[in-house]
Structure formats: C-alpha cells, structure tokens
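Structure file start.cif; described as mmCIF, C-alpha atoms.
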data_coords
#
loop_
_atom_site.label_atom_id
_atom_site.label_comp_id
_atom_site.auth_asym_id
_atom_site.auth_seq_id
_atom_site.Cartn_x
_atom_site.Cartn_y
_atom_site.Cartn_z
CA MET A 1 -36.10 22.20 11.92
CA LYS A 2 -33.12 23.04 14.16
CA ARG A 3 -35.17 22.38 17.30
CA GLU A 4 -36.37 19.05 15.92
CA LEU A 5 -32.84 17.97 15.04
CA GLU A 6 -31.48 19.09 18.40
CA ALA A 7 -34.24 17.20 20.21
CA LYS A 8 -33.44 14.01 18.30
CA VAL A 9 -29.73 14.28 19.07
CA VAL A 10 -30.29 14.92 22.77
CA ALA A 11 -32.78 12.03 22.94
CA GLY A 12 -30.29 9.72 21.21
CA GLU A 13 -32.58 9.08 18.22
CA ARG A 14 -31.06 7.94 14.95
CA LEU A 15 -30.93 10.66 12.32
CA SER A 16 -32.36 10.04 8.85
CA ARG A 17 -30.97 10.79 5.41
CA GLU A 18 -33.13 13.92 5.31
CA ASP A 19 -31.76 14.97 8.70
CA GLY A 20 -28.22 14.64 7.44
CA ILE A 21 -28.91 16.82 4.41
CA ALA A 22 -30.60 19.40 6.67
CA LEU A 23 -27.54 19.49 8.92
CA TYR A 24 -25.29 20.20 5.93
CA GLU A 25 -27.66 22.98 4.82
CA SER A 26 -27.26 24.79 8.14
CA ASP A 27 -24.84 27.72 8.20
CA ASP A 28 -24.82 27.76 12.00
CA LEU A 29 -21.40 26.20 12.51
CA VAL A 30 -21.36 26.82 16.25
CA TRP A 31 -24.72 25.04 16.65
CA LEU A 32 -23.48 22.08 14.62
CA GLY A 33 -20.33 21.93 16.69
CA LYS A 34 -22.29 22.03 19.91
CA LEU A 35 -24.49 19.11 18.83
CA ALA A 36 -21.53 17.04 17.67
CA HIS A 37 -19.57 17.85 20.82
CA HIS A 38 -22.52 16.65 22.88
CA LYS A 39 -22.51 13.32 21.02
CA ARG A 40 -18.72 13.01 21.16
CA THR A 41 -18.66 13.75 24.90
CA GLU A 42 -21.40 11.18 25.55
CA LEU A 43 -19.27 8.55 23.83
CA ASN A 44 -15.74 9.53 24.78
CA GLY A 45 -15.74 12.27 27.40
CA ASP A 46 -12.78 14.65 27.05
CA ARG A 47 -10.41 11.92 25.85
CA VAL A 48 -8.50 12.30 22.59
CA MET A 49 -6.80 9.23 21.23
CA PHE A 50 -3.58 9.03 19.22
CA ASN A 51 -0.92 6.46 18.45
CA VAL A 52 2.76 6.34 17.60
CA ASN A 53 2.76 5.08 14.05
CA ARG A 54 4.70 5.12 10.83
CA HIS A 55 3.26 5.22 7.32
CA LEU A 56 4.99 3.02 4.75
CA ASN A 57 4.19 3.14 1.05
CA LEU A 58 6.00 0.16 -0.41
CA THR A 59 5.46 1.30 -4.00
CA ASN A 60 3.96 4.26 -5.84
CA VAL A 61 3.70 2.32 -9.11
CA CYS A 62 0.03 1.90 -9.91
CA SER A 63 -2.05 0.43 -12.71
CA ALA A 64 -4.88 2.86 -11.94
CA SER A 65 -5.01 6.57 -12.74
CA CYS A 66 -7.59 7.89 -10.28
CA ALA A 67 -8.58 11.45 -11.11
CA TYR A 68 -7.64 12.97 -7.74
CA CYS A 69 -4.33 11.14 -7.18
CA SER A 70 -0.91 12.79 -7.36
CA PHE A 71 0.85 9.84 -5.69
CA GLN A 72 0.65 7.23 -8.46
CA ARG A 73 3.42 6.71 -11.00
CA LYS A 74 3.61 4.52 -14.07
CA PRO A 75 6.41 2.00 -14.63
CA GLY A 76 9.51 3.74 -15.95
CA GLU A 77 8.71 7.21 -14.63
CA LYS A 78 11.73 8.92 -13.13
CA ASP A 79 10.51 8.93 -9.52
CA ALA A 80 8.60 5.63 -9.58
CA TYR A 81 9.83 3.33 -6.83
CA THR A 82 9.25 -0.07 -5.26
CA MET A 83 10.87 -0.95 -1.95
CA ARG A 84 12.78 -4.13 -1.48
CA ILE A 85 11.78 -5.92 1.67
CA HIS A 86 14.96 -5.04 3.56
CA GLU A 87 14.42 -1.36 2.70
CA ALA A 88 10.92 -1.45 4.18
CA VAL A 89 12.23 -3.10 7.36
CA ALA A 90 15.02 -0.53 7.67
CA LYS A 91 12.55 2.37 7.38
CA ALA A 92 10.27 0.84 9.98
CA LYS A 93 13.11 0.24 12.42
CA GLU A 94 14.10 3.92 12.29
CA MET A 95 11.33 4.55 14.84
CA GLU A 96 12.05 1.60 17.10
CA ASP A 97 13.38 3.85 19.88
CA GLU A 98 10.16 5.90 19.90
CA GLN A 99 8.14 2.87 21.02
CA LEU A 100 6.35 2.53 17.70
CA THR A 101 3.06 0.63 18.00
CA GLU A 102 1.72 0.59 14.42
CA LEU A 103 2.82 0.42 10.81
CA HIS A 104 0.28 1.78 8.32
CA ILE A 105 0.95 0.35 4.85
CA VAL A 106 -0.78 1.49 1.65
CA ASN A 107 0.52 1.07 -1.89
CA GLY A 108 -0.17 1.50 -5.56
CA LEU A 109 -1.65 -1.39 -7.55
CA HIS A 110 1.67 -2.56 -8.95
CA PRO A 111 1.22 -4.31 -12.32
CA THR A 112 4.07 -6.85 -12.00
CA LEU A 113 4.85 -7.40 -8.30
CA PRO A 114 3.89 -10.99 -7.43
CA TRP A 115 1.25 -11.67 -4.80
CA LYS A 116 3.75 -13.47 -2.56
CA TYR A 117 5.70 -10.22 -2.07
CA TYR A 118 2.97 -8.86 0.20
CA PRO A 119 2.67 -11.58 2.87
CA LYS A 120 6.47 -11.91 2.79
CA VAL A 121 7.00 -8.22 3.55
CA LEU A 122 4.49 -8.40 6.43
CA ARG A 123 6.24 -11.44 7.85
CA GLU A 124 9.63 -9.73 7.71
CA LEU A 125 8.29 -6.54 9.29
CA LYS A 126 6.61 -8.49 12.09
CA GLY A 127 9.79 -10.46 12.70
CA ALA A 128 11.85 -7.29 12.93
CA LEU A 129 9.32 -5.44 15.11
CA PRO A 130 7.28 -8.08 16.93
CA GLY A 131 5.50 -5.60 19.21
CA VAL A 132 4.27 -3.44 16.32
CA LYS A 133 0.79 -4.00 14.88
CA LEU A 134 0.46 -4.10 11.11
CA LYS A 135 -2.40 -2.10 9.60
CA ALA A 136 -2.01 -2.75 5.91
CA PHE A 137 -3.72 -2.60 2.53
CA THR A 138 -6.96 -1.06 1.34
CA ALA A 139 -9.95 -3.07 0.19
CA THR A 140 -8.89 -1.99 -3.30
CA GLU A 141 -5.54 -3.70 -2.78
CA ILE A 142 -7.19 -6.86 -1.46
CA GLN A 143 -9.31 -7.02 -4.60
CA TRP A 144 -6.14 -6.46 -6.66
CA PHE A 145 -4.51 -9.39 -4.82
CA GLU A 146 -7.50 -11.51 -5.82
CA LYS A 147 -6.87 -10.58 -9.44
CA ILE A 148 -3.11 -11.19 -9.50
CA SER A 149 -3.16 -14.35 -7.38
CA GLY A 150 -6.35 -16.05 -8.56
CA LEU A 151 -7.22 -16.64 -4.88
CA PRO A 152 -10.45 -15.58 -3.15
CA ALA A 153 -10.27 -12.86 -0.51
CA ASP A 154 -10.96 -15.47 2.17
CA GLU A 155 -7.67 -17.26 1.45
CA ILE A 156 -5.81 -13.98 0.96
CA PHE A 157 -6.87 -12.84 4.42
CA ASP A 158 -5.82 -16.12 5.97
CA GLU A 159 -2.33 -15.82 4.51
CA LEU A 160 -1.94 -12.14 5.39
CA MET A 161 -3.18 -12.68 8.94
CA ASP A 162 -0.81 -15.60 9.36
CA ALA A 163 1.97 -13.19 8.31
CA GLY A 164 0.91 -10.64 10.95
CA LEU A 165 -1.91 -8.51 9.52
CA GLU A 166 -3.90 -6.85 12.35
CA SER A 167 -6.18 -4.53 10.37
CA LEU A 168 -6.99 -3.28 6.93
CA THR A 169 -6.72 0.44 6.24
CA GLY A 170 -9.84 2.40 5.34
CA GLY A 171 -8.73 3.66 1.95
CA GLY A 172 -10.35 3.10 -1.42
CA ALA A 173 -13.72 4.29 -0.14
CA GLU A 174 -13.57 7.83 -1.56
CA ILE A 175 -17.30 8.44 -2.33
CA PHE A 176 -19.43 5.34 -2.87
CA ASP A 177 -22.26 6.87 -4.90
CA TRP A 178 -21.72 5.93 -8.56
CA GLU A 179 -22.89 9.35 -9.73
CA VAL A 180 -19.61 10.72 -8.35
CA ARG A 181 -17.43 7.63 -8.19
CA GLN A 182 -17.39 7.01 -11.93
CA HIS A 183 -15.65 10.37 -12.41
CA ILE A 184 -12.95 10.03 -9.75
CA VAL A 185 -11.94 6.35 -9.46
CA ASP A 186 -10.02 4.31 -12.02
CA HIS A 187 -10.09 0.81 -10.55
CA ALA A 188 -12.62 -1.98 -10.19
CA CYS A 189 -13.25 -1.80 -6.42
CA HIS A 190 -16.57 -0.07 -5.78
CA TRP A 191 -19.10 -0.23 -2.94
CA GLU A 192 -20.08 -3.84 -3.56
CA ASP A 193 -16.49 -5.12 -3.32
CA TRP A 194 -15.33 -2.60 -0.70
CA SER A 195 -18.15 -3.63 1.62
CA ARG A 196 -17.70 -7.34 0.81
CA ILE A 197 -14.02 -7.21 1.75
CA HIS A 198 -14.52 -5.27 4.99
CA ARG A 199 -17.44 -7.53 5.93
CA LEU A 200 -15.15 -10.54 5.44
CA ALA A 201 -12.36 -8.90 7.45
CA HIS A 202 -14.79 -8.27 10.32
CA SER A 203 -15.99 -11.89 10.19
CA LYS A 204 -12.39 -12.99 10.70
CA GLY A 205 -12.01 -10.85 13.82
CA LEU A 206 -10.22 -7.92 12.23
CA ARG A 207 -11.33 -4.42 13.16
CA THR A 208 -10.99 -1.83 10.43
CA PRO A 209 -11.24 1.93 9.89
CA SER A 210 -13.62 3.53 7.40
CA THR A 211 -13.03 6.68 5.37
CA MET A 212 -14.60 9.25 3.06
CA LEU A 213 -12.80 11.57 0.65
CA TYR A 214 -14.72 14.86 0.63
CA GLY A 215 -14.43 18.33 -0.85
CA HIS A 216 -14.07 17.61 -4.58
CA ILE A 217 -17.03 17.15 -7.00
CA GLU A 218 -19.43 15.52 -4.56
CA GLU A 219 -22.41 17.25 -2.94
CA PRO A 220 -23.54 16.99 0.70
CA ARG A 221 -26.16 14.39 -0.26
CA HIS A 222 -23.37 12.13 -1.50
CA ARG A 223 -21.56 12.47 1.84
CA VAL A 224 -24.75 11.58 3.70
CA ASP A 225 -25.32 8.56 1.46
CA HIS A 226 -21.72 7.44 2.03
CA VAL A 227 -22.05 7.58 5.81
CA MET A 228 -25.41 5.83 5.78
CA ARG A 229 -23.97 2.89 3.81
CA LEU A 230 -21.19 2.57 6.35
CA ARG A 231 -23.67 2.91 9.22
CA GLU A 232 -25.77 0.06 7.86
CA LEU A 233 -22.70 -2.14 7.45
CA GLN A 234 -21.67 -1.29 11.01
CA ASP A 235 -25.14 -2.31 12.21
CA GLU A 236 -24.48 -5.67 10.57
CA THR A 237 -20.87 -6.37 11.63
CA GLY A 238 -19.83 -3.91 14.36
CA GLY A 239 -16.32 -4.11 12.91
CA PHE A 240 -15.47 -0.47 12.21
CA THR A 241 -13.36 1.20 14.88
CA VAL A 242 -13.32 4.74 13.49
CA PHE A 243 -14.58 7.00 10.72
CA ILE A 244 -12.06 9.28 9.01
CA PRO A 245 -13.24 12.13 6.76
CA LEU A 246 -10.25 12.84 4.49
CA ARG A 247 -9.97 16.24 2.84
CA TYR A 248 -9.35 16.12 -0.90
CA GLN A 249 -5.99 17.74 -1.66
CA HIS A 250 -6.03 20.29 -4.45
CA ASP A 251 -2.79 21.72 -5.75
CA PHE A 252 -1.62 22.80 -9.15
CA VAL A 253 1.96 21.56 -8.84
CA ASP A 254 3.11 18.10 -7.88
CA SER A 255 5.89 18.67 -5.38
CA ALA A 256 7.89 15.68 -6.58
CA ASP A 257 8.42 16.43 -10.26
CA GLY A 258 6.29 19.41 -11.23
CA LYS A 259 3.83 17.36 -13.28
CA ILE A 260 0.10 17.89 -12.92
CA ARG A 261 -1.61 14.55 -12.23
CA ASN A 262 -4.79 15.80 -10.55
CA LYS A 263 -7.43 15.64 -13.28
CA LEU A 264 -10.04 17.36 -11.10
CA GLN A 265 -8.15 20.57 -10.42
CA ALA A 266 -9.79 22.68 -13.12
CA ARG A 267 -13.23 22.22 -11.53
CA THR A 268 -12.46 21.84 -7.85
CA LYS A 269 -11.03 23.60 -4.85
CA MET A 270 -10.14 22.29 -1.41
CA ALA A 271 -12.76 22.37 1.34
CA SER A 272 -12.43 25.39 3.62
CA PRO A 273 -11.72 24.91 7.33
CA ALA A 274 -15.38 25.72 8.05
CA GLU A 275 -16.53 23.05 5.58
CA SER A 276 -14.15 20.56 7.17
CA LEU A 277 -15.50 21.29 10.65
CA LYS A 278 -19.07 20.95 9.36
CA THR A 279 -18.18 17.59 7.78
CA PHE A 280 -16.70 16.31 11.04
CA ALA A 281 -19.75 17.44 12.98
CA VAL A 282 -22.34 15.95 10.62
CA SER A 283 -20.35 12.73 10.35
CA ARG A 284 -20.27 12.33 14.14
CA LEU A 285 -24.01 12.94 14.37
CA MET A 286 -24.98 10.64 11.50
CA PHE A 287 -22.51 7.77 12.09
CA ASP A 288 -23.93 7.09 15.54
CA ASN A 289 -22.69 3.50 15.88
CA VAL A 290 -18.99 4.01 15.21
CA PRO A 291 -16.99 4.57 18.41
CA HIS A 292 -14.54 7.18 17.12
CA VAL A 293 -14.17 9.95 14.54
CA LYS A 294 -10.66 10.90 13.47
CA CYS A 295 -9.11 14.06 12.09
CA PHE A 296 -6.06 13.04 10.08
CA TRP A 297 -4.05 16.15 10.92
CA VAL A 298 -1.79 15.80 7.87
CA MET A 299 -4.71 16.55 5.54
CA HIS A 300 -6.27 19.34 7.61
CA GLY A 301 -3.45 21.22 9.31
CA LEU A 302 -2.80 21.48 13.04
CA SER A 303 -5.15 24.40 13.77
CA VAL A 304 -8.16 22.70 12.18
CA ALA A 305 -7.17 19.47 13.95
CA GLN A 306 -7.36 21.22 17.31
CA LEU A 307 -10.67 22.89 16.46
CA SER A 308 -12.10 19.59 15.23
CA LEU A 309 -11.96 18.25 18.80
CA ASN A 310 -14.95 20.53 19.49
CA PHE A 311 -16.77 19.29 16.37
CA GLY A 312 -17.13 15.58 17.07
CA VAL A 313 -13.55 14.38 16.68
CA ASP A 314 -11.85 12.32 19.40
CA ASP A 315 -8.84 10.89 17.52
CA LEU A 316 -5.88 12.65 15.87
CA ASP A 317 -4.16 9.66 14.25
CA GLY A 318 -0.48 9.57 15.17
CA SER A 319 3.11 10.52 14.53
CA VAL A 320 2.86 9.52 10.81
CA VAL A 321 6.55 10.32 10.02
CA GLU A 322 6.12 10.33 6.25
CA TYR A 323 2.86 10.48 4.33
CA LYS A 324 3.79 10.57 0.67
CA ILE A 325 0.22 10.31 -0.61
CA THR A 326 -0.59 13.79 0.69
CA HIS A 327 2.83 15.39 0.61
CA ASP A 328 3.21 14.52 -3.06
CA ALA A 329 0.11 16.65 -3.64
CA ASP A 330 -0.01 19.53 -1.17
CA SER A 331 2.16 22.52 -0.44
CA TYR A 332 0.33 24.17 2.45
CA GLY A 333 2.85 23.23 5.06
CA THR A 334 1.73 20.45 7.38
CA PRO A 335 4.78 18.79 8.94
CA ASN A 336 5.83 15.28 8.03
CA THR A 337 6.19 14.14 11.60
CA MET A 338 4.57 14.71 14.99
CA HIS A 339 6.36 13.00 17.83
CA ARG A 340 4.58 11.75 20.94
CA GLU A 341 5.37 14.94 22.88
CA ASP A 342 4.08 17.10 20.00
CA LEU A 343 0.78 15.25 19.98
CA LEU A 344 0.44 15.42 23.74
CA HIS A 345 0.86 19.20 23.75
CA LEU A 346 -1.45 19.63 20.75
CA ILE A 347 -4.19 17.82 22.68
CA TRP A 348 -3.46 19.41 26.05
CA ASP A 349 -3.44 22.88 24.55
CA ALA A 350 -6.91 22.26 23.09
CA GLY A 351 -8.14 21.39 26.58
CA PHE A 352 -8.47 17.61 26.30
CA GLN A 353 -6.92 14.49 27.82
CA PRO A 354 -4.53 12.53 25.57
CA VAL A 355 -4.89 8.76 25.47
CA GLU A 356 -2.34 6.69 23.58
CA ARG A 357 -3.94 3.71 21.84
CA ASN A 358 -3.00 0.79 19.64
CA THR A 359 -4.46 -0.26 16.29
CA ARG A 360 -7.50 -1.93 17.89
CA TYR A 361 -8.19 1.16 19.99
CA GLU A 362 -7.03 -0.53 23.16
CA VAL A 363 -5.52 1.93 25.65
CA VAL A 364 -1.73 1.92 25.88
CA ARG A 365 -1.42 4.83 28.31
CA GLU A 366 -3.47 7.75 29.62
CA TYR A 367 -1.76 11.10 30.16
CA GLU A 368 -2.93 13.55 32.79
CA LYS A 369 -2.71 17.27 32.16
CA PRO A 370 0.46 18.98 33.40
CA THR A 371 -0.27 21.06 36.50
CA PRO A 372 -0.34 24.49 34.77
CA LEU A 373 -2.78 23.23 32.12
CA ALA A 374 -4.92 21.41 34.65
CA ALA A 375 -5.36 24.61 36.63
CA ARG A 376 -6.14 26.62 33.51
CA ARG A 377 -8.60 24.18 31.94
CA ALA A 378 -10.45 21.88 34.27
CA GLU A 379 -12.83 20.74 31.52
CA PRO A 380 -12.85 20.60 27.70
CA GLN A 381 -12.54 24.02 26.15
CA GLN A 382 -15.24 24.98 23.68
CA VAL A 383 -15.13 27.51 20.86
CA TRP A 384 -18.52 29.05 21.60
CA ALA A 385 -19.74 31.25 24.43
#

Let's see the structure in the file written out as structure tokens.
Amino acid sequence: MKRELEAKVVAGERLSREDGIALYESDDLVWLGKLAHHKRTELNGDRVMFNVNRHLNLTNVCSASCAYCSFQRKPGEKDAYTMRIHEAVAKAKEMEDEQLTELHIVNGLHPTLPWKYYPKVLRELKGALPGVKLKAFTATEIQWFEKISGLPADEIFDELMDAGLESLTGGGAEIFDWEVRQHIVDHACHWEDWSRIHRLAHSKGLRTPSTMLYGHIEEPRHRVDHVMRLRELQDETGGFTVFIPLRYQHDFVDSADGKIRNKLQARTKMASPAESLKTFAVSRLMFDNVPHVKCFWVMHGLSVAQLSLNFGVDDLDGSVVEYKITHDADSYGTPNTMHREDLLHLIWDAGFQPVERNTRYEVVREYEKPTPLAARRAEPQQVWA
C-alpha cells in the first residue's frame, strides 16, 4: 500500500478518501513527512510565508456555548468585555511602527450588539490604518449577522466590503461531519451554511482561508472527510488561499478566571507533536488544490512549527501579538508575540527562505539567508537521513 500511495503522489494523482485513511493509519512518520515535503516543495520550493499581523477580538461575549471553547463569556460575567470602536483602533495602531499589514478579527456572537457596529468598526480601522488589510469574521459570524440584521449574506458582504473587508477568516469550520459536530458546536452554522458563505465570498472576489480543528473526539476518517469537502469546494471556486489545521487546546484551568469551560476535557487530550505532524502531512497530500498549508505556531509551539516545515507546511502565520482564544485556554507557554525578526530567524534556522506576504498571499518582500546560514544550509534541511 505504501508503494502505491508513494507512486500516486510522485505521479501527481489525486488521492482518494481511502488513500487518506490509509495515510493516517501509517506509523511511518518520516515516510509521511517525505511525501508531504515532496508535494510542498513542488508547489512552493523552500519558501516559507509569514505576515506581520495583529489579532483583535472585539468581544468575548457569545450566545453560543461550544463544547471546546474557553474564550466565550456570557453577559454579566466578570471578565466579559466588548471593545468600543476607539479602543479597537487604539489597539491596532500600537503596531503601526512595525509596518503592520493585516488585522485578523474574530469575535463572539454577541446577543445585543447591533449589526451596524461591525461595518462601522471596519470603516474606522481602515481609516486609521489605510495600508492594513482587514481579515475579519468567520462564516459563523456572517450567518449571525444575517440573523440579527434580517439581511441576506449577499448584502452583508457588500456593506462589509465597502467598509474595507479584504477576507473572511477560516474559523467556524471545526469538523464538518455531523457525527462529531453535533457534540462540539453550539450554533447554527454547519457545513451547508459555512460552504454557502465562503462560496459567496469567493464569487465576490474575496479569497479566504480554510481550517480544521483536530485532536478532540474526531477520528482520522472525519479529518479526511473534512478535507475532501473543502477540496471539492476549492475545485468549484478556487477561492481558498490556505488550509490551517488547528490543534484543539485541552487544559483543565482557564487562565483568565479559573473556571472550567471546556466540556470535552474529561474525554479528550491534546494531539501529540507526532499526531500534529502527521495531520499536516496528510492534509498537504489530500488537499492538493490549495496553494498553502499553515502551521499556526500559537497552537502548536515553536519547535513543532519548525518541524512542520518538513511535513507539508509552507506558512507560519504572523506576529499575532495577542491571541486570546488560545491563551485563555492553554498554559503550555507559547509566546503572545513574534516580531518580524523572530519569524525570520525561526524560518532561517529551520533551513528555509522567509517570504513576507499580505492577506491575499501576494509577496511583500523576500529575505535571503544571512551569510553564515547560507553557507551552512544551501538547501532545505530535512529531519530524515
């Protein structure tokens, strides 16, 4: 079976659902990495993309109570918050001197904030930082805006894009298969609406990321199914820029107030580094029509992020600055912020060429290796003999 799979990958043949499950069943991590690295190098050479971005969460107040989520708060809880527009602008402008290129905005489903708050905050952010691209809102949020405004997504997109929206975020995907989804998600946006909203975004010229939350109660077959749905949608629209496997965060103490909000913790544990690397590799091999695969270093740690570059990954996200969704759940020590120089050295030290990008994956700047590194590593370093 390994020889057949290897032959298909080398020949550029599309892998089937059964192939994906067989890849997950393999315990030969080095072999999987080698196959994924072959595919990644065909597509992107030794380049590793990153951007200088800032994550903004305008509110953590949420009507939903998703089983895995430690970020959400209910109205009236001590540490529930909602930013005023001038507060959001002030936070964004803190990074102005670092040549910020993207704001990444994701929020709770606030039960009383009016719809008009959202285009207004985008407009104010764009006015304050005209050179910064706005990647904002999950498909789940867009569906929520439909509910609170009474408008169809088509009109919602028109208003948000007029205010400066450049891309949706990829969140709300989690795992699409209902067998799993019904146990982890507490909102009304499922595959049918998630795909409808991204399809509409693509039809309007937006390019969007796609994600998968793995390492909780799902099985490998659910991960394969998830990727195949995205692959079919990408065949149709070509609008996905990147696929981002996100590691489920499992911790017994919420770092903000000590409360336990993760309803899955009694029957789950976080994916091991080896499982994460396998997931990156299989994702790169199965999702053959998406240009990039990203390791969001905040959720995986810096060592796994570097290793992932040999397992199909060619994007490490960005500077981030503050990612409350994860840091309100974990305690394993990833930093809040990676500056441009930190990311450059992380990539150089792994033996790759850093390429700074914008939200649409257009190149901002390519960085050559410093002379000592160039002499030491003339080509991408691999973790196998």

Legend entry - Contacts of Val363 of chain A within 10 Å, only C-alpha atoms, excl. fewer than 6 positions in-chain, as a PyMOL selection string: chain A and resi 49-51+355-357

Inset, instruction - Using the chain letters and numbering of this document, enumerate as an NGL selection string the residues selected by the PyMOL selection byres ((chain A and resi 212) around 6). - result: :A and (173-174 or 211 or 213 or 245-246)

Report as a CSV table (one decimal) with C-alpha atoms, in the frame of the given file all protein, DNA and RNA residues lying within 8 Å of segment 59-68 of chain A, evaluated on all atoms listed in the file, omitting residues in the same chain fewer than 2 positions from it.
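Done, and the output landed in selection-v7.csv:
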chain,number,residue,atom,x,y,z
A,57,ASN,CA,4.2,3.1,1.0
A,70,SER,CA,-0.9,12.8,-7.4
A,71,PHE,CA,0.8,9.8,-5.7
A,72,GLN,CA,0.6,7.2,-8.5
A,73,ARG,CA,3.4,6.7,-11.0
A,74,LYS,CA,3.6,4.5,-14.1
A,75,PRO,CA,6.4,2.0,-14.6
A,80,ALA,CA,8.6,5.6,-9.6
A,81,TYR,CA,9.8,3.3,-6.8
A,82,THR,CA,9.2,-0.1,-5.3
A,83,MET,CA,10.9,-1.0,-2.0
A,107,ASN,CA,0.5,1.1,-1.9
A,108,GLY,CA,-0.2,1.5,-5.6
A,109,LEU,CA,-1.6,-1.4,-7.6
A,110,HIS,CA,1.7,-2.6,-9.0
A,111,PRO,CA,1.2,-4.3,-12.3
A,183,HIS,CA,-15.6,10.4,-12.4
A,184,ILE,CA,-13.0,10.0,-9.8
A,185,VAL,CA,-11.9,6.4,-9.5
A,186,ASP,CA,-10.0,4.3,-12.0
A,187,HIS,CA,-10.1,0.8,-10.6
A,248,TYR,CA,-9.4,16.1,-0.9
A,249,GLN,CA,-6.0,17.7,-1.7
A,261,ARG,CA,-1.6,14.6,-12.2
A,262,ASN,CA,-4.8,15.8,-10.6
A,263,LYS,CA,-7.4,15.6,-13.3
A,264,LEU,CA,-10.0,17.4,-11.1

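With atom CA of Glu275 of chain A on one side and atom CA of Gly170 of chain A on the other, the separation reads 21.7 Å.
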
Legend entry - Spatial neighbours of Ala92 of chain A, max dist 12 Å, all atoms listed in the file, sep filter under 5 positions, as a PyMOL selection string: chain A and resi 53-58+85-87+97-105+121-122+124-130+132-134+320-322

Inset, instruction - For the structure shown, which residues end up in the PyMOL selection byres ((chain A and resi 208) around 6)? Put them as a PyMOL selection string, please? - result: chain A and resi 167-168+207+209+240-241

Legend entry - Atom pair atom CA of Ile347 of chain A / atom CA of Asp27 of chain A: separation (Å): 27.1 Å
